[in-house]
Amino acid sequence: MPQLTQDPKRSAHTRLQYIAFEYASLDDLLATYVRLKEEGILPLLAADHGPTLSMYYADPDGNSVELFADNFGDWAKSGHFMRTSPEFADWPMGSYADPDKLVEARAGGASTEEIHHRAYAGEFTPSRPVDPRVLM
């Protein structure tokens with residue numbers, strides 16, 4: 001409907017703005033990425049935050065939807081990482097990642113732990129700049 005327009009101030013309004021779904025493993029998350037990509041649905045951005053690897057999508061109403069997997073497979077270990085890691089203290093948002101590079105690394109035999117370390121170190125950086133404001 002042409003009379004409906006995007007609200008440039010929507011992030012300041014009361015509304016559902018964000019919802020997250022945890023996957024049991026990185027493999028499950030990557031399989032979902034591939035399946036959604038085949039349907040033409042791409043994440044706005046992906047990032048390894050340290051404790052999690054996350055992909056952020058926009059639902060049809062423009063709400064942010066995070067799909068993520070715990071990098072340690074155990075919330076106690078993830079919590080310990082957040083509380084004690086100097087890297088996390090210095091860089092709590094982590095590194096942006098190109099999901100296709102993650103899929104390629106996993107298909108090439110990289111372990112989930114190796115993918116996390118490489119992604120967090122910035123090895124899978126997207127070719128285009130990432131603007132996290134797309135989630136607002």
# chains A, B, ... in the order shown; residues from 1 in each chain; ligands from 1
$ select_by_dssp --residues "region 4-131 of chain A" --states "strand (DSSP E)" --output "list in words"
Tyr18, Ile19, Ala20, Phe21, Glu22, Tyr23, Leu45, Ala46, Ala47, Asp48, Thr52, Leu53, Ser54, Met55, Tyr56, Tyr57, Ala58, Ser64, Val65, Glu66, Leu67, Phe68, Ala69, Asp70, Ser95 and Tyr96 of chain A
$ closest_atom_pairs --of "region 77-97 of chain A" --to "region 40-58 of chain A" --cutoff "9 Å" --atoms "only C-alpha atoms" --output "tab-separated table"
residue	atom	partner	partner_atom	distance
A:Lys77	CA	A:Pro51	CA	8.4
A:Ser78	CA	A:Pro51	CA	5.0
A:Gly79	CA	A:Pro51	CA	7.5
A:Phe81	CA	A:Pro51	CA	6.9
A:Met82	CA	A:Pro51	CA	6.9
A:Glu87	CA	A:Gly50	CA	8.6
A:Phe88	CA	A:Gly50	CA	6.6
A:Trp91	CA	A:His49	CA	8.4
A:Pro92	CA	A:His49	CA	6.5
A:Met93	CA	A:His49	CA	5.1
A:Gly94	CA	A:His49	CA	4.1
A:Ser95	CA	A:Asp48	CA	5.4
A:Tyr96	CA	A:Ala47	CA	4.1
A:Ala97	CA	A:Ala47	CA	5.1
$ closest_residue --among "A:Leu102, A:Ala110, A:Ala20, A:Leu30" --to "Gly122 (chain A)" --atoms "only C-alpha atoms"
A:Leu102
$ atom_distance --atom1 "CA of Asp74 (chain A)" --atom2 "CA of Asp98 (chain A)"
24.2 Å
$ closest_residue --among "A:Ala12, A:Ala69, A:Ala105, A:Ala76" --to "Leu26 (chain A)" --atoms "only C-alpha atoms"
A:Ala69
$ select_by_dssp --residues "chain A" --states "helix (DSSP H, G or I)" --output "MDAnalysis selection string"
chainID A and resid 10:12 26:38 75:84 86:90 99:107 112:120 132:135
$ atom_distance --atom1 "CA of Asn71 (chain A)" --atom2 "CA of His116 (chain A)"
6.5 Å
$ closest_residue --among "A:Arg35, A:Arg118, A:Arg10, A:His80" --to "Asn63 (chain A)" --atoms "only C-alpha atoms"
A:Arg10
$ residues_around --residues "Asp61 (chain A)" --least-positions-apart "3" --cutoff "12 Å" --atoms "only C-alpha atoms" --output "list of chain:residue names"
A:Thr5, A:Gln6, A:Asp7, A:Arg10, A:Arg15, A:Leu16, A:Gln17, A:Tyr18, A:Tyr57, A:Ala58, A:Ser64, A:Val65
$ residues_around --residues "Asp27 (chain A)" --least-positions-apart "3" --cutoff "9 Å" --atoms "only C-alpha atoms" --output "list in words"
Tyr23, Ala24, Leu30, Ala31, Thr32, Ala69, Val103, Arg106 and Thr112 of chain A
$ atom_distance --atom1 "CA of Ala121 (chain A)" --atom2 "CA of Lys37 (chain A)"
25.0 Å
$ closest_residue --among "A:Trp75, A:Asp59, A:Lys101, A:Glu39" --to "Ala119 (chain A)" --atoms "only C-alpha atoms"
A:Lys101
